[in-house]
$ cat coords29.cif   # mmCIF, C-alpha atoms
data_final
#
loop_
_atom_site.group_PDB
_atom_site.id
_atom_site.type_symbol
_atom_site.label_atom_id
_atom_site.label_comp_id
_atom_site.auth_asym_id
_atom_site.auth_seq_id
_atom_site.Cartn_x
_atom_site.Cartn_y
_atom_site.Cartn_z
ATOM 1 C CA MET A 1 76.569 -54.760 -110.159
ATOM 2 C CA ARG A 2 73.702 -54.334 -107.647
ATOM 3 C CA ARG A 3 74.544 -54.253 -103.954
ATOM 4 C CA GLU A 4 72.425 -56.664 -101.980
ATOM 5 C CA LYS A 5 70.362 -55.061 -99.147
ATOM 6 C CA LYS A 6 70.616 -56.601 -95.670
ATOM 7 C CA VAL A 7 67.233 -57.032 -94.042
ATOM 8 C CA MET A 8 67.072 -56.593 -90.220
ATOM 9 C CA PRO A 9 65.364 -59.517 -88.541
ATOM 10 C CA ILE A 10 61.899 -58.778 -87.284
ATOM 11 C CA TYR A 11 62.561 -59.821 -83.662
ATOM 12 C CA LEU A 12 65.446 -57.389 -83.478
ATOM 13 C CA LYS A 13 63.208 -54.626 -84.754
ATOM 14 C CA LEU A 14 60.606 -55.427 -82.106
ATOM 15 C CA THR A 15 63.203 -55.463 -79.361
ATOM 16 C CA ILE A 16 64.600 -52.091 -80.379
ATOM 17 C CA PHE A 17 61.082 -50.690 -80.596
ATOM 18 C CA ALA A 18 60.195 -51.939 -77.131
ATOM 19 C CA VAL A 19 63.359 -50.470 -75.612
ATOM 20 C CA LEU A 20 62.750 -47.128 -77.272
ATOM 21 C CA PHE A 21 59.127 -47.171 -76.063
ATOM 22 C CA ILE A 22 60.152 -47.847 -72.468
ATOM 23 C CA VAL A 23 62.796 -45.119 -72.580
ATOM 24 C CA LEU A 24 60.185 -42.737 -73.919
ATOM 25 C CA LEU A 25 57.753 -43.566 -71.121
ATOM 26 C CA LYS A 26 60.449 -42.984 -68.532
ATOM 27 C CA MET A 27 61.222 -39.633 -70.029
ATOM 28 C CA VAL A 28 57.595 -38.473 -69.789
ATOM 29 C CA GLY A 29 57.216 -39.908 -66.238
ATOM 30 C CA GLY A 30 54.665 -42.517 -67.202
ATOM 31 C CA LEU A 31 56.468 -45.454 -65.602
ATOM 32 C CA ASP A 32 58.620 -45.681 -62.543
ATOM 33 C CA GLU A 33 61.427 -48.074 -62.121
ATOM 34 C CA GLU A 34 59.335 -50.724 -60.447
ATOM 35 C CA GLU A 35 56.684 -50.717 -63.163
ATOM 36 C CA THR A 36 59.409 -50.859 -65.811
ATOM 37 C CA ASP A 37 60.908 -53.899 -64.147
ATOM 38 C CA GLN A 38 57.453 -55.495 -64.018
ATOM 39 C CA MET A 39 56.939 -54.909 -67.754
ATOM 40 C CA VAL A 40 60.322 -56.293 -68.631
ATOM 41 C CA SER A 41 59.929 -59.185 -66.253
ATOM 42 C CA THR A 42 58.142 -62.128 -67.743
ATOM 43 C CA GLN A 43 56.416 -62.985 -64.463
ATOM 44 C CA ALA A 44 55.550 -60.774 -61.486
ATOM 45 C CA SER A 45 55.391 -62.356 -58.048
ATOM 46 C CA ALA A 46 52.426 -61.486 -55.761
ATOM 47 C CA PRO A 47 53.352 -60.011 -52.369
ATOM 48 C CA VAL A 48 52.906 -62.256 -49.343
ATOM 49 C CA VAL A 49 50.570 -60.771 -46.736
ATOM 50 C CA GLN A 50 51.265 -61.967 -43.202
ATOM 51 C CA GLU A 51 48.124 -62.348 -41.081
ATOM 52 C CA GLU A 52 48.053 -60.377 -37.863
ATOM 53 C CA THR A 53 48.220 -62.607 -34.828
ATOM 54 C CA LYS A 54 45.615 -61.622 -32.207
ATOM 55 C CA ALA A 55 46.069 -62.327 -28.547
ATOM 56 C CA PRO A 56 43.419 -64.724 -27.212
ATOM 57 C CA GLU A 57 40.523 -62.946 -25.536
ATOM 58 C CA THR A 58 40.345 -63.497 -21.773
ATOM 59 C CA GLU A 59 36.980 -63.772 -19.997
ATOM 60 C CA PRO A 60 36.439 -61.323 -17.091
ATOM 61 C CA ALA A 61 37.000 -62.858 -13.684
ATOM 62 C CA PRO A 62 33.695 -63.726 -11.942
ATOM 63 C CA GLU A 63 32.665 -61.355 -9.152
ATOM 64 C CA PRO A 64 33.040 -62.865 -5.680
ATOM 65 C CA GLU A 65 29.781 -63.944 -4.081
ATOM 66 C CA PRO A 66 28.640 -61.759 -1.185
ATOM 67 C CA ALA A 67 29.278 -63.148 2.251
ATOM 68 C CA PRO A 68 26.165 -64.662 3.828
ATOM 69 C CA GLU A 69 24.434 -62.461 6.359
ATOM 70 C CA PRO A 70 24.862 -63.602 9.948
ATOM 71 C CA VAL A 71 21.841 -65.520 11.198
ATOM 72 C CA GLU A 72 20.452 -64.172 14.427
ATOM 73 C CA PRO A 73 19.980 -67.013 16.894
ATOM 74 C CA ALA A 74 16.393 -67.815 17.801
ATOM 75 C CA PHE A 75 15.135 -66.084 20.924
ATOM 76 C CA ASP A 76 15.064 -68.408 23.912
ATOM 77 C CA TRP A 77 13.313 -66.820 26.878
ATOM 78 C CA THR A 78 14.331 -69.609 29.237
ATOM 79 C CA GLU A 79 17.987 -68.562 28.892
ATOM 80 C CA ALA A 80 17.517 -64.824 28.250
ATOM 81 C CA GLU A 81 18.581 -62.019 30.527
ATOM 82 C CA VAL A 82 15.685 -60.499 32.469
ATOM 83 C CA THR A 83 15.342 -57.100 30.751
ATOM 84 C CA GLU A 84 12.383 -55.045 29.596
ATOM 85 C CA GLU A 85 13.101 -55.871 25.959
ATOM 86 C CA ASN A 86 13.307 -59.607 26.569
ATOM 87 C CA VAL A 87 10.251 -59.712 28.845
ATOM 88 C CA ARG A 88 8.148 -57.863 26.296
ATOM 89 C CA LYS A 89 9.447 -60.112 23.520
ATOM 90 C CA ALA A 90 8.545 -63.216 25.539
ATOM 91 C CA LEU A 91 4.991 -61.985 26.192
ATOM 92 C CA LEU A 92 4.324 -60.495 22.748
ATOM 93 C CA ASP A 93 1.515 -62.397 20.968
ATOM 94 C CA ASN A 94 1.534 -65.008 23.755
ATOM 95 C CA VAL A 95 -1.079 -63.584 26.123
ATOM 96 C CA GLY A 96 -4.528 -62.103 25.672
ATOM 97 C CA GLY A 97 -7.962 -63.445 24.944
ATOM 98 C CA ALA A 98 -10.892 -63.468 27.333
ATOM 99 C CA PHE A 99 -8.886 -63.606 30.576
ATOM 100 C CA ALA A 100 -5.733 -61.529 30.065
ATOM 101 C CA ILE A 101 -4.609 -58.140 28.806
ATOM 102 C CA PRO A 102 -2.362 -58.449 25.736
ATOM 103 C CA LEU A 103 1.010 -56.756 26.188
ATOM 104 C CA THR A 104 1.329 -54.221 23.355
ATOM 105 C CA ASP A 105 2.701 -50.719 22.894
ATOM 106 C CA GLU A 106 -0.776 -49.432 23.722
ATOM 107 C CA THR A 107 -1.263 -51.405 26.954
ATOM 108 C CA PHE A 108 2.320 -51.426 28.284
ATOM 109 C CA ARG A 109 3.276 -48.689 30.755
ATOM 110 C CA LYS A 110 6.348 -49.675 32.758
ATOM 111 C CA PHE A 111 8.750 -52.493 33.571
ATOM 112 C CA VAL A 112 10.624 -52.772 36.868
ATOM 113 C CA SER A 113 12.988 -55.557 37.877
ATOM 114 C CA SER A 114 14.753 -55.835 41.205
ATOM 115 C CA PRO A 115 17.006 -58.609 42.531
ATOM 116 C CA ASP A 116 15.946 -60.681 45.491
ATOM 117 C CA VAL A 117 17.838 -63.312 47.447
ATOM 118 C CA TYR A 118 15.715 -65.876 45.577
ATOM 119 C CA GLY A 119 15.883 -64.285 42.121
ATOM 120 C CA GLU A 120 14.385 -61.408 40.127
ATOM 121 C CA ARG A 121 11.192 -59.658 41.150
ATOM 122 C CA VAL A 122 9.450 -58.455 37.966
ATOM 123 C CA GLU A 123 6.683 -55.860 38.013
ATOM 124 C CA LEU A 124 4.710 -54.925 34.890
ATOM 125 C CA THR A 125 2.448 -51.878 34.785
ATOM 126 C CA ILE A 126 -0.301 -52.100 32.153
ATOM 127 C CA ASN A 127 -3.562 -50.421 31.164
ATOM 128 C CA PRO A 128 -6.197 -52.351 29.181
ATOM 129 C CA GLY A 129 -7.813 -49.190 27.872
ATOM 130 C CA THR A 130 -11.436 -50.080 27.101
ATOM 131 C CA PHE A 131 -13.433 -52.731 28.987
ATOM 132 C CA TRP A 132 -17.074 -53.771 29.361
ATOM 133 C CA ASP A 133 -17.550 -53.144 33.069
ATOM 134 C CA GLU A 134 -15.791 -53.448 36.437
ATOM 135 C CA LYS A 135 -16.181 -57.216 36.421
ATOM 136 C CA ASP A 136 -14.522 -57.488 32.997
ATOM 137 C CA PHE A 137 -11.716 -55.188 34.184
ATOM 138 C CA VAL A 138 -11.014 -57.199 37.349
ATOM 139 C CA LYS A 139 -11.299 -60.529 35.519
ATOM 140 C CA LYS A 140 -8.670 -59.535 32.946
ATOM 141 C CA ALA A 141 -6.407 -58.023 35.579
ATOM 142 C CA GLY A 142 -6.448 -61.254 37.595
ATOM 143 C CA GLY A 143 -6.130 -63.463 34.512
ATOM 144 C CA SER A 144 -3.070 -61.483 33.406
ATOM 145 C CA LEU A 145 -1.209 -62.538 36.558
ATOM 146 C CA ILE A 146 -1.680 -66.210 35.646
ATOM 147 C CA ALA A 147 -1.161 -65.832 31.873
ATOM 148 C CA TYR A 148 1.984 -63.712 32.261
ATOM 149 C CA SER A 149 3.428 -65.970 34.965
ATOM 150 C CA LYS A 150 2.860 -69.059 32.827
ATOM 151 C CA ILE A 151 5.494 -67.664 30.447
ATOM 152 C CA LEU A 152 7.710 -65.529 32.683
ATOM 153 C CA LEU A 153 8.361 -68.244 35.260
ATOM 154 C CA ASP A 154 9.846 -70.448 32.517
ATOM 155 C CA ASN A 155 12.927 -68.310 33.055
ATOM 156 C CA PRO A 156 14.635 -69.711 36.175
ATOM 157 C CA ASN A 157 15.959 -66.257 37.124
ATOM 158 C CA ILE A 158 12.486 -64.922 37.953
ATOM 159 C CA TYR A 159 11.120 -65.549 41.401
ATOM 160 C CA GLU A 160 8.179 -63.134 41.748
ATOM 161 C CA VAL A 161 5.684 -61.694 39.227
ATOM 162 C CA CYS A 162 3.661 -58.547 39.965
ATOM 163 C CA ILE A 163 0.922 -56.968 37.832
ATOM 164 C CA ASP A 164 -0.038 -53.334 38.407
ATOM 165 C CA VAL A 165 -3.148 -52.466 36.366
ATOM 166 C CA LYS A 166 -4.111 -48.828 35.777
ATOM 167 C CA ILE A 167 -7.455 -47.373 34.705
ATOM 168 C CA ASP A 168 -8.134 -44.208 32.686
ATOM 169 C CA ASN A 169 -9.739 -41.286 34.484
ATOM 170 C CA VAL A 170 -11.977 -38.541 33.122
ATOM 171 C CA GLY A 171 -9.125 -36.024 33.220
ATOM 172 C CA GLY A 172 -7.083 -37.964 30.665
ATOM 173 C CA GLY A 173 -4.734 -39.459 33.242
ATOM 174 C CA GLU A 174 -4.578 -42.847 34.953
ATOM 175 C CA ASN A 175 -5.505 -44.111 38.417
ATOM 176 C CA ASN A 176 -4.493 -47.153 40.398
ATOM 177 C CA ALA A 177 -7.009 -49.951 39.961
ATOM 178 C CA VAL A 178 -5.868 -53.528 40.650
ATOM 179 C CA TYR A 179 -2.593 -54.954 41.900
ATOM 180 C CA LEU A 180 -1.669 -58.677 42.180
ATOM 181 C CA SER A 181 1.516 -60.630 42.853
ATOM 182 C CA TRP A 182 2.730 -64.125 43.662
ATOM 183 C CA ARG A 183 5.957 -66.078 43.900
ATOM 184 C CA ARG A 184 7.384 -69.089 42.164
ATOM 185 C CA ASP A 185 6.833 -71.472 45.091
ATOM 186 C CA GLN A 186 3.094 -70.670 44.996
ATOM 187 C CA ALA A 187 2.748 -70.691 41.223
ATOM 188 C CA GLU A 188 4.432 -74.087 40.861
ATOM 189 C CA LYS A 189 1.599 -75.655 42.857
ATOM 190 C CA VAL A 190 -1.042 -74.364 40.411
ATOM 191 C CA ASP A 191 -2.106 -75.865 37.079
ATOM 192 C CA MET A 192 -2.218 -72.527 35.272
ATOM 193 C CA ASP A 193 -4.068 -73.771 32.194
ATOM 194 C CA LYS A 194 -6.751 -75.303 34.388
ATOM 195 C CA ALA A 195 -6.969 -72.148 36.497
ATOM 196 C CA LEU A 196 -7.591 -70.032 33.391
ATOM 197 C CA ASP A 197 -10.233 -72.474 32.130
ATOM 198 C CA ASN A 198 -12.023 -72.399 35.494
ATOM 199 C CA MET A 199 -12.290 -68.624 35.299
ATOM 200 C CA PHE A 200 -15.241 -69.100 32.950
ATOM 201 C CA GLY A 201 -17.239 -69.963 36.053
ATOM 202 C CA ASP A 202 -15.339 -68.063 38.754
ATOM 203 C CA TYR A 203 -13.348 -64.948 37.906
ATOM 204 C CA THR A 204 -12.113 -64.621 41.502
ATOM 205 C CA ILE A 205 -9.671 -67.572 41.128
ATOM 206 C CA PRO A 206 -6.535 -65.404 40.528
ATOM 207 C CA PHE A 207 -7.282 -63.449 43.700
ATOM 208 C CA GLN A 208 -7.763 -66.654 45.690
ATOM 209 C CA ILE A 209 -4.308 -67.965 44.773
ATOM 210 C CA ALA A 210 -2.397 -64.636 44.673
ATOM 211 C CA ARG A 211 0.057 -63.855 47.442
ATOM 212 C CA ASN A 212 -0.964 -60.196 47.520
ATOM 213 C CA TYR A 213 -3.705 -58.198 45.850
ATOM 214 C CA ARG A 214 -5.681 -55.002 46.272
ATOM 215 C CA ILE A 215 -8.649 -53.548 44.414
ATOM 216 C CA GLN A 216 -9.484 -49.853 44.561
ATOM 217 C CA ASP A 217 -12.759 -48.971 46.293
ATOM 218 C CA ASP A 218 -14.528 -47.376 43.329
ATOM 219 C CA ILE A 219 -14.039 -50.626 41.341
ATOM 220 C CA TYR A 220 -14.543 -53.090 44.197
ATOM 221 C CA ASN A 221 -17.872 -51.531 45.174
ATOM 222 C CA GLU A 222 -19.239 -52.142 41.666
ATOM 223 C CA LEU A 223 -18.340 -55.824 41.513
ATOM 224 C CA GLU A 224 -20.953 -58.579 41.557
ATOM 225 C CA LYS A 225 -20.419 -62.064 43.006
ATOM 226 C CA PHE A 226 -16.999 -61.191 44.377
ATOM 227 C CA SER A 227 -16.988 -62.801 47.821
ATOM 228 C CA LEU A 228 -13.370 -61.962 48.649
ATOM 229 C CA PRO A 229 -12.153 -58.902 50.548
ATOM 230 C CA LYS A 230 -10.822 -56.007 48.515
ATOM 231 C CA GLU A 231 -7.205 -56.730 49.487
ATOM 232 C CA LYS A 232 -4.893 -59.409 50.844
ATOM 233 C CA ASN A 233 -1.305 -59.144 52.062
ATOM 234 C CA MET A 234 0.968 -62.030 52.992
#
$ encode --input "coords29.cif" --output "structure tokens"
Amino acid sequence: MRREKKVMPIYLKLTIFAVLFIVLLKMVGGLDEEETDQMVSTQASAPVVQEETKAPETEPAPEPEPAPEPVEPAFDWTEAEVTEENVRKALLDNVGGAFAIPLTDETFRKFVSSPDVYGERVELTINPGTFWDEKDFVKKAGGSLIAYSKILLDNPNIYEVCIDVKIDNVGGGENNAVYLSWRRDQAEKVDMDKALDNMFGDYTIPFQIARNYRIQDDIYNELEKFSLPKEKNM
């Protein structure tokens, strides 16, 4: 009597084969434990990657605006202290022309101020440098007394204005030439603009109205149509 053979189901054979195959791979180092689990597992789950959280970017703080520069108050001669700097500033670019000597670094020589019971006595020493002739020299010296006083006497602290005009000599130095002065009480009686205009016809006007004046002989003797004496003292 023949013995009936038992046939192993095919799925069992496949399962045994798979197990043996995995064991073999482990033995030869082809799979690690994690890979083995992935092969056996029917579904592998993907790892979850957490996004890095960045701190919000901060804008740089704005630079502080520079402090405004202090504004220098406008120069007001009528209220200024009577100093050389202020007197020169008051006269700068305000005198000159046909009947006055402009006050510049080239023409300015000296400033002297002395107190009086009535106010400040201001004396300016100047030198015009070049000139046409003695008449032109004397005309501008006299006109400077009026033109300077028109501005300087706007300051109530000044009582007397004196102009000492020098002339160059052949030795490279300077000589006395013309000196004029007057005081506020005299000047206030004169229309200075009109006096300067009238000098077109008569350049002796400043010497007529000055309190004191003197003209050096070598200049006075060369003058034409100058009917006044060479000096006057009051």
$ closest_residue --input "coords29.cif" --among "A:Asn127, A:Asn94, A:Gln216, A:Thr58" --to "Thr107 (chain A)" --atoms "all atoms listed in the file"
A:Asn127
$ resolve_selection --input "coords29.cif" --expression "the PyMOL selection byres ((chain A and resi 80) around 12)" --output "list in words"
Pro73, Ala74, Phe75, Asp76, Trp77, Thr78, Glu79, Glu81, Val82, Thr83, Glu84, Glu85, Asn86, Val87, Arg88, Lys89, Ala90, Leu152, Asp154, Asn155, Pro156, Asn157 and Ile158 of chain A
$ resolve_selection --input "coords29.cif" --expression "the PyMOL selection byres ((chain A and resi 118) around 9)" --output "list in words"
Pro115, Asp116, Val117, Gly119, Glu120, Arg121, Asn157, Ile158, Tyr159 and Glu160 of chain A
$ residues_around --input "coords29.cif" --residues "region 225-233 of chain A" --least-positions-apart "5" --cutoff "10 Å" --atoms "only C-alpha atoms" --output "ChimeraX atom specification"
/A:135,178-181,202-204,207-208,210-217,219-220
$ atom_distance --input "coords29.cif" --atom1 "CA of Trp182 (chain A)" --atom2 "CA of Asn221 (chain A)"
24.2 Å
$ resolve_selection --input "coords29.cif" --expression "the PyMOL selection byres ((chain A and resi 163) around 8)" --output "PyMOL selection string"
chain A and resi 123-126+141+144-145+161-162+164-165+179-181
$ residues_around --input "coords29.cif" --residues "Met192 (chain A)" --least-positions-apart "5" --cutoff "12 Å" --atoms "all atoms listed in the file" --output "list of chain:residue names"
A:Gly143, A:Ser144, A:Leu145, A:Ile146, A:Ala147, A:Tyr148, A:Ser149, A:Lys150, A:Ile151, A:Leu153, A:Gln186, A:Ala187, A:Asp197, A:Asn198, A:Met199, A:Ile205, A:Pro206, A:Ile209
$ closest_residue --input "coords29.cif" --among "A:Lys189, A:Lys139, A:Arg184, A:Lys166" --to "Phe99 (chain A)" --atoms "all atoms listed in the file"
A:Lys139
$ atom_distance --input "coords29.cif" --atom1 "CA of Asp191 (chain A)" --atom2 "CA of Lys140 (chain A)"
18.1 Å
$ atom_distance --input "coords29.cif" --atom1 "CA of Glu222 (chain A)" --atom2 "CA of Asp133 (chain A)"
8.8 Å
$ closest_residue --input "coords29.cif" --among "A:Gly142, A:Glu134, A:Ser114, A:Ile22" --to "Ala195 (chain A)" --atoms "only C-alpha atoms"
A:Gly142
